[in-house]
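Visitor: Structure incoming, see below.
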Amino acid sequence: MDEPSAYIDRQHVKQVFTLIEEKLQQQTFLIVTHDVRDIRLVPNAFVTVLNQGKIAAELRGQDFIDREFTQELPFIYDFAQY
């Protein structure tokens, strides 16, 4: 899925990602997004973070809820603040 939250209001984005989270046990999704807020909606997902075309981190969605990225991955923190 390419930018599944594009052009959708935040209430409906949550519904989309709730459905994805439910289906994760049955199938695999490849989701590309620039919106870090979306990743927090799928805490059980595996997440690969790219920075300038290179793998910067491999995390779980829950890590975007639990961790502070200001020093380790500052570009993620910058995206998460908007």
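Residues are referred to by chain and number: the chain letter is A, B, ... according to the order shown in the structure tokens, the number counts from 1 in that chain, and ligands are numbered separately from 1 in the order shown.
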Got a sec to tell me which of chain A DSSP assigns to strand (DSSP E), as number ranges by chain?
Guide: A: 46-51, 54-60
Visitor: Okay, now the selection with C-alpha atoms, as a PDB file, in the first residue's frame?
Guide:
ATOM      1  CA  PHE A  46       7.644  -4.808  11.600  1.00  0.00           C
ATOM      2  CA  VAL A  47       8.987  -1.477  10.398  1.00  0.00           C
ATOM      3  CA  THR A  48      12.030  -0.732   8.272  1.00  0.00           C
ATOM      4  CA  VAL A  49      13.027   2.920   8.380  1.00  0.00           C
ATOM      5  CA  LEU A  50      14.883   4.321   5.400  1.00  0.00           C
ATOM      6  CA  ASN A  51      16.928   7.508   5.437  1.00  0.00           C
ATOM      7  CA  LYS A  54      19.521   3.307   3.260  1.00  0.00           C
ATOM      8  CA  ILE A  55      18.167   1.235   6.137  1.00  0.00           C
ATOM      9  CA  ALA A  56      18.448   3.388   9.248  1.00  0.00           C
ATOM     10  CA  ALA A  57      16.545   1.119  11.642  1.00  0.00           C
ATOM     11  CA  GLU A  58      14.431  -1.990  11.877  1.00  0.00           C
ATOM     12  CA  LEU A  59      11.786  -1.672  14.561  1.00  0.00           C
ATOM     13  CA  ARG A  60       8.260  -2.643  15.540  1.00  0.00           C
TER      14      ARG A  60
END
Visitor: Go through range 7-26 of chain A and flag each residue having an atom no more than 10 Å from range 36-43 of chain A; for those, report the closest pair of atoms plus their distance in Å to one decimal, using only C-alpha atoms, ordered by chain and rising number, as a tab-separated table.
Guide:
residue	atom	partner	partner_atom	distance
A:Arg10	CA	A:Asp38	CA	9.4
A:Val13	CA	A:Asp38	CA	7.8
A:Lys14	CA	A:Leu41	CA	6.8
A:Gln15	CA	A:Leu41	CA	9.5
A:Val16	CA	A:Leu41	CA	9.4
A:Phe17	CA	A:Leu41	CA	6.0
A:Thr18	CA	A:Leu41	CA	7.1
A:Leu19	CA	A:Val42	CA	9.6
A:Ile20	CA	A:Val42	CA	7.5
A:Glu21	CA	A:Val42	CA	5.5
A:Glu22	CA	A:Val42	CA	9.2
A:Leu24	CA	A:Val42	CA	9.1
Visitor: Pick out each residue of chain A that DSSP on the backbone tags as alpha helix (DSSP H); I need them as number ranges by chain.
Guide: A: 10-23, 36-39, 63-66, 74-80
Visitor: Distance CA of Asn44 in chain A-CA of Gly61 in chain A, one decimal place?
Guide: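 So the two atoms, CA of Asn44 in chain A and CA of Gly61 in chain A, lie 5.8 Å apart.
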Visitor: One decimal, Å: what's the distance from CA of Phe29 in chain A over to CA of Glu3 in chain A, could you say?
Guide: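 One can read the CA of Phe29 in chain A to CA of Glu3 in chain A distance as 12.3 Å.
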Visitor: Just checking: using only C-alpha atoms, which residue out of A:Ala45, A:Val32, A:Asp9, A:Gln25 ends up closest to Phe64 in chain A?
Guide: A:Ala45
Visitor: Pick the closest to Leu30 in chain A from A:Gln52, A:Glu72, A:Pro4, A:Asp66: which is it, counting only C-alpha atoms?
Guide: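 Of the candidates, the smallest distance to Leu30 in chain A is held by A:Pro4.
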